[in-house]
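This is final_5.tsv. It holds TSV, C-alpha atoms.
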```tsv
chain	number	residue	atom	x	y	z
A	1	MET	CA	-80.73	-30.88	1.98
A	2	HIS	CA	-79.42	-27.57	3.23
A	3	GLU	CA	-82.94	-26.21	2.62
A	4	TYR	CA	-83.85	-27.35	6.15
A	5	SER	CA	-81.06	-25.29	7.69
A	6	ILE	CA	-82.08	-22.32	5.55
A	7	VAL	CA	-85.67	-22.62	6.82
A	8	ALA	CA	-84.35	-22.81	10.40
A	9	SER	CA	-82.46	-19.52	9.84
A	10	LEU	CA	-85.52	-18.00	8.21
A	11	ILE	CA	-87.85	-18.84	11.10
A	12	ASP	CA	-85.25	-17.58	13.62
A	13	ARG	CA	-85.16	-14.29	11.79
A	14	VAL	CA	-88.94	-13.99	11.66
A	15	GLN	CA	-89.15	-14.72	15.40
A	16	HIS	CA	-86.59	-11.96	16.01
A	17	GLU	CA	-88.56	-9.45	13.91
A	18	ALA	CA	-91.82	-10.44	15.60
A	19	ALA	CA	-90.32	-9.85	19.05
A	20	LEU	CA	-89.02	-6.49	17.87
A	21	HIS	CA	-92.41	-5.34	16.60
A	22	GLY	CA	-94.66	-7.08	19.10
A	23	GLY	CA	-95.95	-9.25	16.27
A	24	SER	CA	-98.13	-12.25	16.95
A	25	ARG	CA	-99.35	-14.21	13.94
A	26	VAL	CA	-97.39	-14.33	10.70
A	27	HIS	CA	-99.54	-14.48	7.59
A	28	ARG	CA	-97.03	-14.46	4.75
A	29	LEU	CA	-93.28	-14.37	4.11
A	30	HIS	CA	-91.86	-12.98	0.89
A	31	VAL	CA	-88.50	-14.43	-0.10
A	32	LYS	CA	-86.36	-14.00	-3.19
A	33	ILE	CA	-84.43	-17.04	-4.42
A	34	GLY	CA	-81.99	-16.89	-7.33
A	35	GLU	CA	-81.86	-19.81	-9.75
A	36	LEU	CA	-78.09	-19.95	-9.19
A	37	SER	CA	-78.27	-19.64	-5.41
A	38	GLY	CA	-78.08	-23.39	-4.87
A	39	VAL	CA	-81.47	-23.42	-3.14
A	40	GLU	CA	-84.17	-25.65	-4.64
A	41	VAL	CA	-87.50	-23.86	-4.43
A	42	ASP	CA	-89.58	-27.05	-4.12
A	43	LEU	CA	-87.36	-28.39	-1.34
A	44	LEU	CA	-87.53	-25.03	0.41
A	45	LYS	CA	-91.35	-25.13	0.34
A	46	THR	CA	-91.40	-28.68	1.70
A	47	ALA	CA	-88.94	-27.77	4.44
A	48	PHE	CA	-90.97	-24.69	5.35
A	49	ASP	CA	-94.25	-26.64	5.49
A	50	THR	CA	-92.57	-29.15	7.81
A	51	PHE	CA	-90.83	-26.70	10.13
A	52	ARG	CA	-93.38	-23.88	10.39
A	53	GLU	CA	-95.69	-25.86	12.68
A	54	ARG	CA	-95.46	-24.89	16.36
A	55	THR	CA	-93.47	-21.77	15.45
A	56	ILE	CA	-94.60	-18.20	14.91
A	57	CYS	CA	-94.88	-19.15	11.22
A	58	ALA	CA	-97.53	-21.85	11.80
A	59	GLY	CA	-100.07	-21.51	9.02
A	60	ALA	CA	-98.06	-18.82	7.23
A	61	GLU	CA	-97.65	-18.81	3.47
A	62	LEU	CA	-94.21	-18.75	1.86
A	63	ALA	CA	-94.30	-16.56	-1.25
A	64	ILE	CA	-91.22	-17.23	-3.36
A	65	ASP	CA	-90.03	-14.86	-6.03
A	66	THR	CA	-87.48	-16.67	-8.24
A	67	VAL	CA	-84.77	-14.70	-10.00
A	68	ALA	CA	-83.27	-15.82	-13.31
A	69	PRO	CA	-79.49	-15.51	-13.56
A	70	ALA	CA	-77.91	-12.72	-15.58
A	71	TRP	CA	-74.26	-12.01	-16.38
A	72	ALA	CA	-72.61	-8.88	-17.70
A	73	CYS	CA	-69.18	-7.47	-18.46
A	74	PRO	CA	-67.90	-5.55	-15.40
A	75	SER	CA	-66.43	-2.75	-17.56
A	76	CYS	CA	-68.78	-2.24	-20.53
A	77	ASP	CA	-71.97	-3.68	-18.94
A	78	ARG	CA	-72.62	-5.72	-22.06
A	79	SER	CA	-74.89	-8.60	-21.07
A	80	LEU	CA	-73.98	-12.21	-21.87
A	81	ALA	CA	-76.29	-14.92	-23.13
A	82	LEU	CA	-77.02	-17.74	-20.67
A	83	GLY	CA	-74.79	-20.73	-21.29
A	84	ALA	CA	-72.20	-18.61	-23.11
A	85	ILE	CA	-68.52	-18.44	-22.21
A	86	LEU	CA	-68.39	-16.09	-19.20
A	87	ARG	CA	-66.00	-13.62	-20.78
A	88	CYS	CA	-66.73	-10.35	-22.58
A	89	ASP	CA	-66.40	-10.73	-26.36
A	90	ASP	CA	-65.14	-7.15	-26.65
A	91	CYS	CA	-62.69	-6.65	-23.80
A	92	GLY	CA	-62.08	-10.24	-22.64
A	93	ARG	CA	-62.78	-9.57	-18.97
A	94	PRO	CA	-64.44	-12.27	-16.85
A	95	ALA	CA	-68.18	-11.68	-16.48
A	96	ARG	CA	-69.83	-10.54	-13.28
A	97	MET	CA	-73.11	-11.99	-12.01
A	98	VAL	CA	-75.75	-9.29	-12.07
A	99	GLN	CA	-78.47	-11.37	-10.42
A	100	GLY	CA	-79.41	-14.97	-9.74
A	101	ASP	CA	-77.71	-15.89	-6.45
A	102	GLU	CA	-80.21	-14.25	-4.07
A	103	ILE	CA	-81.32	-15.98	-0.84
A	104	ILE	CA	-83.20	-13.04	0.65
A	105	LEU	CA	-85.99	-12.46	3.14
A	106	GLU	CA	-87.76	-9.46	1.69
A	107	ARG	CA	-90.84	-8.88	3.79
A	108	ILE	CA	-92.95	-10.35	6.57
A	109	GLU	CA	-96.69	-9.81	6.76
A	110	MET	CA	-97.80	-10.18	10.37
A	111	GLU	CA	-100.30	-9.04	12.93
A	112	ALA	CA	-98.34	-6.41	14.80
A	113	PRO	CA	-99.99	-3.76	16.97
A	114	ASP	CA	-96.68	-1.95	17.63
A	115	VAL	CA	-96.05	-0.88	14.05
B	1	MET	CA	-107.28	-4.01	15.45
B	2	CYS	CA	-108.74	-2.60	12.29
B	3	GLU	CA	-109.62	1.00	13.03
B	4	THR	CA	-110.92	1.79	9.57
B	5	CYS	CA	-114.29	0.10	9.77
B	6	GLY	CA	-114.21	-1.24	13.30
B	7	CYS	CA	-114.66	-4.82	12.10
B	8	GLY	CA	-112.42	-6.19	14.86
B	9	ASP	CA	-110.12	-8.04	12.48
B	10	PRO	CA	-106.46	-7.88	13.39
B	11	GLU	CA	-104.43	-5.54	11.21
B	12	ILE	CA	-101.77	-7.17	9.08
B	13	VAL	CA	-98.68	-5.04	8.55
B	14	PRO	CA	-95.75	-5.57	6.23
B	15	ILE	CA	-92.30	-5.57	7.88
B	16	GLU	CA	-89.54	-4.84	5.36
B	17	VAL	CA	-86.39	-6.90	5.97
B	18	GLN	CA	-84.49	-7.21	2.65
B	19	GLU	CA	-81.61	-9.24	4.09
B	20	ARG	CA	-79.86	-12.46	3.29
B	21	ILE	CA	-81.51	-15.35	5.11
B	22	LEU	CA	-78.05	-16.63	6.03
B	23	SER	CA	-76.92	-13.29	7.46
B	24	ASP	CA	-76.08	-15.00	10.79
B	25	ASN	CA	-73.73	-17.38	8.99
B	26	ASP	CA	-72.26	-14.47	7.02
B	27	ALA	CA	-71.52	-12.60	10.27
B	28	GLN	CA	-69.89	-15.68	11.80
B	29	ALA	CA	-67.85	-16.20	8.63
B	30	GLY	CA	-66.66	-12.59	8.84
B	31	HIS	CA	-65.60	-13.28	12.40
B	32	ASN	CA	-63.65	-16.40	11.30
B	33	ARG	CA	-62.05	-14.37	8.50
B	34	SER	CA	-60.74	-11.86	11.03
B	35	HIS	CA	-59.31	-14.75	13.08
B	36	PHE	CA	-57.43	-16.06	10.04
B	37	LYS	CA	-56.24	-12.59	9.13
B	38	GLY	CA	-55.06	-11.93	12.67
B	39	LEU	CA	-53.05	-15.13	12.62
B	40	GLY	CA	-51.62	-14.41	9.16
B	41	VAL	CA	-52.91	-17.72	7.87
B	42	LEU	CA	-54.26	-18.50	4.40
B	43	ALA	CA	-57.58	-20.32	4.78
B	44	ILE	CA	-58.79	-22.51	1.93
B	45	ASN	CA	-62.26	-24.05	1.67
B	46	LEU	CA	-61.61	-27.32	-0.17
B	47	MET	CA	-64.72	-28.83	-1.71
B	48	GLY	CA	-65.62	-31.62	-4.13
B	49	SER	CA	-67.54	-34.87	-4.53
B	50	PRO	CA	-66.93	-37.79	-2.18
B	51	GLY	CA	-63.89	-39.58	-3.56
B	52	ALA	CA	-62.70	-36.67	-5.74
B	53	GLY	CA	-59.36	-36.80	-3.96
B	54	LYS	CA	-59.48	-33.93	-1.48
B	55	THR	CA	-57.56	-35.79	1.23
B	56	ALA	CA	-55.10	-37.30	-1.26
B	57	VAL	CA	-54.32	-33.85	-2.68
B	58	LEU	CA	-53.61	-32.56	0.82
B	59	GLU	CA	-51.33	-35.53	1.54
B	60	ALA	CA	-49.38	-34.78	-1.64
B	61	THR	CA	-49.33	-31.07	-0.78
B	62	SER	CA	-47.83	-31.84	2.61
B	63	LYS	CA	-45.13	-33.97	1.04
B	64	ALA	CA	-44.21	-31.20	-1.43
B	65	ALA	CA	-44.28	-28.45	1.23
B	66	ALA	CA	-42.35	-30.40	3.88
B	67	GLY	CA	-39.92	-28.18	5.76
B	68	ARG	CA	-41.19	-25.02	4.02
B	69	LEU	CA	-44.78	-24.51	5.15
B	70	LYS	CA	-46.71	-25.45	8.26
B	71	LEU	CA	-50.08	-26.87	7.21
B	72	GLY	CA	-53.24	-27.36	9.23
B	73	ALA	CA	-56.64	-28.78	8.38
B	74	VAL	CA	-60.10	-29.45	9.72
B	75	SER	CA	-62.05	-32.15	7.93
B	76	GLY	CA	-65.82	-32.28	7.79
B	77	ASP	CA	-66.99	-35.85	7.96
B	78	LEU	CA	-70.44	-37.33	8.51
B	79	ALA	CA	-69.34	-40.18	10.72
B	80	THR	CA	-65.62	-40.92	10.95
B	81	GLU	CA	-62.25	-39.36	11.74
B	82	ARG	CA	-60.49	-41.17	8.93
B	83	ASP	CA	-59.51	-38.08	6.92
B	84	ALA	CA	-58.01	-36.26	9.91
B	85	ASP	CA	-56.11	-39.44	10.85
B	86	ARG	CA	-54.69	-39.64	7.31
B	87	LEU	CA	-53.73	-35.96	7.31
B	88	ASN	CA	-52.08	-36.14	10.73
B	89	ALA	CA	-50.08	-39.12	9.49
B	90	ALA	CA	-49.04	-37.04	6.47
B	91	GLY	CA	-47.75	-34.24	8.72
B	92	ILE	CA	-50.74	-31.87	8.58
B	93	VAL	CA	-52.00	-30.92	12.04
B	94	SER	CA	-55.66	-31.90	11.75
B	95	SER	CA	-58.92	-32.30	13.56
B	96	THR	CA	-62.35	-33.54	12.55
B	97	ILE	CA	-65.70	-31.79	12.50
B	98	THR	CA	-68.22	-34.60	12.74
B	99	THR	CA	-71.36	-33.27	11.11
B	100	GLY	CA	-73.71	-36.18	11.81
B	101	SER	CA	-76.31	-35.96	9.08
B	102	ALA	CA	-75.43	-32.42	7.95
B	103	CYS	CA	-74.24	-32.32	4.37
B	104	HIS	CA	-72.02	-29.25	4.67
B	105	LEU	CA	-69.92	-27.21	7.08
B	106	ASP	CA	-71.14	-23.84	8.26
B	107	ALA	CA	-69.23	-20.94	9.78
B	108	ARG	CA	-70.28	-21.78	13.34
B	109	LEU	CA	-68.94	-25.35	13.10
B	110	VAL	CA	-65.63	-24.06	11.73
B	111	HIS	CA	-65.41	-21.45	14.47
B	112	HIS	CA	-65.92	-24.09	17.13
B	113	ALA	CA	-63.20	-26.26	15.55
B	114	LEU	CA	-60.80	-23.30	15.43
B	115	HIS	CA	-61.19	-22.75	19.16
B	116	HIS	CA	-60.26	-26.35	19.84
B	117	PHE	CA	-57.53	-26.63	17.22
B	118	PRO	CA	-54.26	-27.99	18.62
B	119	SER	CA	-51.95	-25.49	16.91
B	120	GLY	CA	-51.98	-21.72	16.33
B	121	ASP	CA	-48.93	-21.26	14.12
B	122	ARG	CA	-50.05	-22.64	10.75
B	123	ASP	CA	-49.16	-20.96	7.43
B	124	ILE	CA	-52.00	-22.52	5.44
B	125	PHE	CA	-55.21	-23.84	6.92
B	126	PHE	CA	-57.40	-26.15	4.84
B	127	ILE	CA	-61.07	-26.56	5.61
B	128	GLU	CA	-61.81	-29.90	3.97
B	129	ASN	CA	-65.55	-29.73	3.44
B	130	VAL	CA	-68.00	-32.62	3.43
B	131	GLY	CA	-67.89	-34.47	0.10
B	132	ASN	CA	-70.80	-32.88	-1.79
B	133	LEU	CA	-71.07	-30.73	-4.93
B	134	VAL	CA	-74.21	-28.87	-3.85
B	135	CYS	CA	-74.68	-27.71	-0.26
B	136	PRO	CA	-71.18	-26.55	0.80
B	137	ALA	CA	-71.14	-23.86	-1.91
B	138	ILE	CA	-73.84	-21.86	-0.14
B	139	TYR	CA	-72.07	-21.34	3.19
B	140	ASP	CA	-69.28	-18.82	3.61
B	141	LEU	CA	-66.83	-20.16	6.21
B	142	GLY	CA	-64.43	-17.22	6.35
B	143	GLN	CA	-62.01	-18.68	3.80
B	144	ALA	CA	-59.74	-16.62	1.56
B	145	ALA	CA	-60.44	-18.85	-1.44
B	146	ASN	CA	-62.68	-21.69	-2.58
B	147	VAL	CA	-60.93	-24.61	-4.26
B	148	VAL	CA	-62.96	-27.38	-5.90
B	149	THR	CA	-61.52	-30.79	-6.72
B	150	LEU	CA	-62.95	-32.56	-9.77
B	151	SER	CA	-61.58	-35.99	-10.60
B	152	VAL	CA	-61.23	-37.22	-14.17
B	153	THR	CA	-63.45	-40.21	-13.39
B	154	GLU	CA	-66.42	-37.94	-12.64
B	155	GLY	CA	-66.87	-36.80	-16.25
B	156	GLU	CA	-66.46	-33.55	-18.16
B	157	ASP	CA	-70.03	-32.31	-17.67
B	158	LYS	CA	-69.95	-31.88	-13.88
B	159	PRO	CA	-69.41	-28.09	-14.03
B	160	LEU	CA	-72.60	-27.73	-16.12
B	161	LYS	CA	-74.54	-30.00	-13.77
B	162	TYR	CA	-73.37	-28.28	-10.58
B	163	PRO	CA	-72.95	-24.65	-11.72
B	164	VAL	CA	-73.30	-23.07	-8.28
B	165	MET	CA	-70.31	-24.94	-6.87
B	166	PHE	CA	-68.05	-24.13	-9.82
B	167	GLN	CA	-69.27	-20.55	-10.12
B	168	LYS	CA	-68.03	-19.92	-6.56
B	169	ALA	CA	-64.64	-21.58	-7.13
B	170	ASP	CA	-61.47	-19.52	-7.28
B	171	LEU	CA	-59.61	-22.57	-8.55
B	172	VAL	CA	-60.51	-26.04	-9.82
B	173	LEU	CA	-58.08	-28.88	-9.28
B	174	LEU	CA	-58.54	-31.56	-11.92
B	175	THR	CA	-57.41	-34.59	-9.92
B	176	LYS	CA	-56.22	-38.13	-10.78
B	177	VAL	CA	-54.88	-36.95	-14.15
B	178	ASP	CA	-52.51	-39.97	-14.17
B	179	LEU	CA	-55.65	-41.98	-15.08
B	180	ILE	CA	-56.38	-40.00	-18.28
B	181	PRO	CA	-54.55	-42.46	-20.59
B	182	HIS	CA	-56.95	-45.17	-19.40
B	183	LEU	CA	-60.15	-43.13	-19.87
B	184	ASP	CA	-62.12	-41.36	-22.61
B	185	PHE	CA	-61.69	-38.09	-20.78
B	186	ASP	CA	-61.54	-34.89	-22.83
B	187	VAL	CA	-59.66	-32.13	-20.97
B	188	ALA	CA	-60.76	-29.52	-23.54
B	189	ALA	CA	-64.42	-30.41	-22.89
B	190	VAL	CA	-64.12	-29.84	-19.14
B	191	GLU	CA	-62.32	-26.56	-19.80
B	192	ASP	CA	-65.17	-25.47	-22.07
B	193	ALA	CA	-67.80	-26.47	-19.49
B	194	LEU	CA	-65.95	-24.56	-16.76
B	195	ALA	CA	-65.69	-21.42	-18.89
B	196	ARG	CA	-69.52	-21.36	-19.12
B	197	VAL	CA	-70.14	-21.43	-15.35
B	198	MET	CA	-67.00	-20.00	-13.71
B	199	PRO	CA	-65.98	-16.42	-14.48
B	200	GLY	CA	-62.23	-16.23	-15.10
B	201	ALA	CA	-62.11	-20.04	-15.06
B	202	LYS	CA	-58.84	-21.39	-13.69
B	203	MET	CA	-58.01	-25.10	-13.57
B	204	LEU	CA	-54.83	-26.96	-12.63
B	205	LYS	CA	-54.18	-30.59	-13.52
B	206	VAL	CA	-52.80	-32.61	-10.62
B	207	SER	CA	-52.07	-36.17	-9.62
B	208	ALA	CA	-51.58	-36.96	-5.95
B	209	ARG	CA	-50.21	-40.35	-7.03
B	210	THR	CA	-47.42	-39.17	-9.35
B	211	GLY	CA	-47.04	-35.67	-7.89
B	212	GLU	CA	-47.75	-34.08	-11.28
B	213	GLY	CA	-48.90	-30.47	-10.95
B	214	ILE	CA	-48.55	-30.35	-7.17
B	215	ASP	CA	-45.70	-27.82	-7.44
B	216	VAL	CA	-47.91	-25.50	-9.54
B	217	TRP	CA	-50.74	-25.86	-6.99
B	218	LEU	CA	-48.31	-25.10	-4.15
B	219	HIS	CA	-47.14	-22.02	-6.02
B	220	TRP	CA	-50.78	-20.89	-6.43
B	221	LEU	CA	-51.21	-21.21	-2.65
B	222	GLU	CA	-47.98	-19.41	-1.80
B	223	GLU	CA	-48.92	-16.47	-4.03
B	224	ARG	CA	-52.07	-16.01	-1.94
B	225	ARG	CA	-50.45	-16.12	1.47
B	226	PRO	CA	-51.06	-12.91	3.40
B	227	ALA	CA	-48.14	-10.68	4.26
B	228	ALA	CA	-46.40	-11.84	7.42
B	229	VAL	CA	-47.94	-10.56	10.63
B	230	ASP	CA	-46.09	-9.97	13.88
B	231	ARG	CA	-47.24	-12.88	15.91
B	232	PRO	CA	-46.77	-12.40	19.61
B	233	PRO	CA	-45.12	-15.53	21.05
B	234	GLU	CA	-48.23	-16.36	23.04
B	235	ALA	CA	-50.45	-16.04	19.96
B	236	HIS	CA	-52.50	-19.15	19.94
B	237	HIS	CA	-55.85	-20.37	18.78
B	238	GLU	CA	-57.44	-18.86	21.83
B	239	HIS	CA	-56.51	-15.46	20.34
B	240	SER	CA	-55.53	-12.49	22.40
B	241	HIS	CA	-57.69	-10.05	20.43
B	242	GLU	CA	-61.13	-9.09	21.51
B	243	HIS	CA	-64.15	-10.46	19.84
B	244	GLN	CA	-67.77	-11.00	20.58
B	245	HIS	CA	-69.47	-14.28	20.79
B	246	GLU	CA	-73.12	-13.96	20.11
B	247	HIS	CA	-74.11	-17.48	19.40
B	248	HIS	CA	-77.80	-18.09	19.17
```

For the file at hand, write its structure as structure tokens.
Amino acid sequence: MHEYSIVASLIDRVQHEAALHGGSRVHRLHVKIGELSGVEVDLLKTAFDTFRERTICAGAELAIDTVAPAWACPSCDRSLALGAILRCDDCGRPARMVQGDEIILERIEMEAPDV
Amino acid sequence: MCETCGCGDPEIVPIEVQERILSDNDAQAGHNRSHFKGLGVLAINLMGSPGAGKTAVLEATSKAAAGRLKLGAVSGDLATERDADRLNAAGIVSSTITTGSACHLDARLVHHALHHFPSGDRDIFFIENVGNLVCPAIYDLGQAANVVTLSVTEGEDKPLKYPVMFQKADLVLLTKVDLIPHLDFDVAAVEDALARVMPGAKMLKVSARTGEGIDVWLHWLEERRPAAVDRPPEAHHEHSHEHQHEHH
């Protein structure tokens, strides 16, 4: 259940940004979570709903954008099918993850007179 | 306030961040990495299920490296100091990070343990993570390499079930291979599963009990040791170099 510690880091960061911009109420957070990030979206939502109370995020919505994994050859950029051997059929090089491991805070929507 | 129509509603503004949520942990891990580099020590994040044989592999490693390499370890444990006791008895200078209910180590916990570690002259430093195939994979600790132990009794499909852990591994140690004659374990099947989740999949077969493969594992470690650094005689875990501590 590392999702709780991720939510703790998330709320810390939002508090920091709010202080920076003189923000008061947070309405919505936009986060991007890769399907191969190791973060379970449902657990993250539950953890957020539990921890947001009595913080600057009380009542805020967590909008989660999930990202499907994608792999490609690092030299010829040829993309690999999911579940395939992670090696380029042409040149034999190990594949590189193009996307799918994101754990990113993209944007905060808040009431902020200083912006 | 809304100045467009004068309705008195507060104005909601978007603040762009576009940063990793764990950026604090990443920064602390970078700090740990510079500690390890400054001390010329190879740091290994050793992960795997409870009972996969992490501690037993380290005991066997110590036996094989005796007189050649100075080994150190911190062990993450929910409640006990049993692993560190075993490692100390095996000749590896060790301490415990008691995590309470936390299912993984993070960079801050490792940093704290480094500052209280009893020795500053280790060649290889193992961070024995909490037994868990999920959570530890997410947290960078400042290691040079991730090593995952997978025991033959866990089954060939574990890499497909826990892809994040194996995707982040630099090496997989297939442990307890002395048991293979007694099991329906298919080594080719686990190799195939690994190749689908771990780019450049690399697996070594070891047995802590018989010592099989431990020399190859030791060779893998020695190849990754950083070039020797000039350690001042007073170099110690309290480090002479400057660094900032901005713990929140």

Within 6 Å of chain A: residues of chain B, using only C-alpha atoms, as a PDB file with C-alpha atoms, in the frame of the given file:
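Everything below was put into iface-v6.pdb:
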```pdb
ATOM      1  CA  GLU B  11    -104.430  -5.540  11.210  1.00  0.00           C
ATOM      2  CA  ILE B  12    -101.770  -7.170   9.080  1.00  0.00           C
ATOM      3  CA  VAL B  13     -98.680  -5.040   8.550  1.00  0.00           C
ATOM      4  CA  PRO B  14     -95.750  -5.570   6.230  1.00  0.00           C
ATOM      5  CA  ILE B  15     -92.300  -5.570   7.880  1.00  0.00           C
ATOM      6  CA  GLU B  16     -89.540  -4.840   5.360  1.00  0.00           C
ATOM      7  CA  VAL B  17     -86.390  -6.900   5.970  1.00  0.00           C
ATOM      8  CA  GLN B  18     -84.490  -7.210   2.650  1.00  0.00           C
ATOM      9  CA  GLU B  19     -81.610  -9.240   4.090  1.00  0.00           C
ATOM     10  CA  ARG B  20     -79.860 -12.460   3.290  1.00  0.00           C
ATOM     11  CA  ILE B  21     -81.510 -15.350   5.110  1.00  0.00           C
ATOM     12  CA  CYS B 135     -74.680 -27.710  -0.260  1.00  0.00           C
ATOM     13  CA  VAL B 164     -73.300 -23.070  -8.280  1.00  0.00           C
ATOM     14  CA  ALA B 195     -65.690 -21.420 -18.890  1.00  0.00           C
ATOM     15  CA  ARG B 196     -69.520 -21.360 -19.120  1.00  0.00           C
ATOM     16  CA  PRO B 199     -65.980 -16.420 -14.480  1.00  0.00           C
ATOM     17  CA  GLY B 200     -62.230 -16.230 -15.100  1.00  0.00           C
TER      18      GLY B 200
END
```

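Shortest atom-to-atom contact with Leu133 of chain B among B:Val187, B:Val148, B:Leu114, B:Ile180: B:Val148, counting all atoms listed in the file.
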
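Going from atom CA of Pro10 of chain B over to atom CA of Lys45 of chain A, you cover 26.4 Å.
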
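Here the question is which of A:Glu40, A:Ala19, A:Ser24, A:Ile33 gets nearest to Ala68 of chain A using all atoms listed in the file, and that residue is A:Ile33.
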
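The space separating atom CA of Asp77 of chain B from atom CA of Gly34 of chain A comes to 28.6 Å.
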
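For the set B:Ala208, B:Ile138, B:Val197, B:Ala90, the residue with the smallest atom-to-atom gap to Asp157 of chain B is B:Val197, counting only C-alpha atoms.
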
Point-to-point distance in Å for atom CA of Gln99 of chain A and atom CA of Cys73 of chain A: 12.9 Å

I'd like the neighbourhood of segment 124-128 of chain B as a short mmCIF file (atom, residue, chain, number, x, y, z; two decimals) with C-alpha atoms, in the frame of the given file, where a residue qualifies if any of its atoms comes within 7 Å (using all atoms listed in the file), though same-chain residues fewer than 6 positions away should be ignored.
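around.cif written:
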```
data_model
loop_
_atom_site.label_atom_id
_atom_site.label_comp_id
_atom_site.auth_asym_id
_atom_site.auth_seq_id
_atom_site.Cartn_x
_atom_site.Cartn_y
_atom_site.Cartn_z
CA VAL B 41 -52.91 -17.72 7.87
CA LEU B 42 -54.26 -18.50 4.40
CA ALA B 43 -57.58 -20.32 4.78
CA ILE B 44 -58.79 -22.51 1.93
CA ASN B 45 -62.26 -24.05 1.67
CA LEU B 46 -61.61 -27.32 -0.17
CA MET B 47 -64.72 -28.83 -1.71
CA LYS B 70 -46.71 -25.45 8.26
CA LEU B 71 -50.08 -26.87 7.21
CA GLY B 72 -53.24 -27.36 9.23
CA ALA B 73 -56.64 -28.78 8.38
CA VAL B 74 -60.10 -29.45 9.72
CA SER B 75 -62.05 -32.15 7.93
CA GLY B 76 -65.82 -32.28 7.79
#
```

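Across B:Asp215, B:Glu154, B:Asp178, B:Glu222, the tightest approach to Ser49 of chain B is made by B:Glu154 when counting all atoms listed in the file.
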
Box time for segment 197-201 of chain B: axis-aligned, enclosing all its listed atoms, 3 Å extra on each side; report centre and edge lengths in Å to one decimal, as AutoDock Vina command-line options.
```
--center_x -66.1 --center_y -18.8 --center_z -14.5 --size_x 14.0 --size_y 11.2 --size_z 7.6
```

Long-range neighbours of Cys91 of chain A as an MDAnalysis selection string, 10 Å cut-off, only C-alpha atoms, 6 positions minimum in chain: chainID A and resid 73:76

Point (-66.9, -32.3, -19.4), cut-off 12 Å, counting all atoms listed in the file, residues as a list in words: Leu150, Ser151, Val152, Thr153, Glu154, Gly155, Glu156, Asp157, Lys158, Pro159, Leu160, Lys161, Tyr162, Leu174, Asp184, Phe185, Asp186, Val187, Ala188, Ala189, Val190, Glu191, Asp192, Ala193, Leu194, Ala195 and Arg196 of chain B

Residue among A:Arg54, A:Val98, A:Ala60, A:Asp42 lying closest to Ala72 of chain A, counting all atoms listed in the file: A:Val98

If you count only C-alpha atoms, which residues fall within 7 Å of Ala60 of chain B, apart from same-chain ones fewer than 4 positions away, as a compact mmCIF listing (two decimals) with C-alpha atoms, in the coordinates of the input?
```
# COMPACT_ATOMS: atom_id res chain seq x y z
CA ALA B 56 -55.10 -37.30 -1.26
CA ALA B 64 -44.21 -31.20 -1.43
CA ALA B 208 -51.58 -36.96 -5.95
CA GLY B 211 -47.04 -35.67 -7.89
```

Could you add whatever atoms are missing so that segment 42-53 of chain B carries N, CA and C atoms, then write the result as a compact mmCIF listing (two decimals), keeping the file's coordinate frame?
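This went into part_0.txt:
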```txt
# COMPACT_ATOMS: atom_id res chain seq x y z
N LEU B 42 -53.42 -18.39 5.60
CA LEU B 42 -54.26 -18.50 4.40
C LEU B 42 -55.26 -19.63 4.62
N ALA B 43 -56.54 -19.29 4.57
CA ALA B 43 -57.58 -20.32 4.78
C ALA B 43 -58.22 -20.69 3.45
N ILE B 44 -58.25 -21.99 3.20
CA ILE B 44 -58.79 -22.51 1.93
C ILE B 44 -59.96 -23.43 2.22
N ASN B 45 -61.10 -23.17 1.58
CA ASN B 45 -62.26 -24.05 1.67
C ASN B 45 -62.17 -25.04 0.52
N LEU B 46 -61.84 -26.29 0.85
CA LEU B 46 -61.61 -27.32 -0.17
C LEU B 46 -62.87 -28.17 -0.31
N MET B 47 -63.45 -28.12 -1.50
CA MET B 47 -64.72 -28.83 -1.71
C MET B 47 -64.59 -29.81 -2.88
N GLY B 48 -65.60 -30.65 -3.03
CA GLY B 48 -65.62 -31.62 -4.13
C GLY B 48 -66.45 -32.82 -3.76
N SER B 49 -66.73 -33.66 -4.75
CA SER B 49 -67.54 -34.87 -4.53
C SER B 49 -66.84 -35.80 -3.54
N PRO B 50 -67.59 -36.73 -2.94
CA PRO B 50 -66.93 -37.79 -2.18
C PRO B 50 -66.02 -38.58 -3.13
N GLY B 51 -64.80 -38.79 -2.72
CA GLY B 51 -63.89 -39.58 -3.56
C GLY B 51 -63.20 -38.81 -4.66
N ALA B 52 -63.35 -37.47 -4.69
CA ALA B 52 -62.70 -36.67 -5.74
C ALA B 52 -61.20 -36.54 -5.49
N GLY B 53 -60.78 -36.84 -4.26
CA GLY B 53 -59.36 -36.80 -3.96
C GLY B 53 -58.92 -35.62 -3.12
```
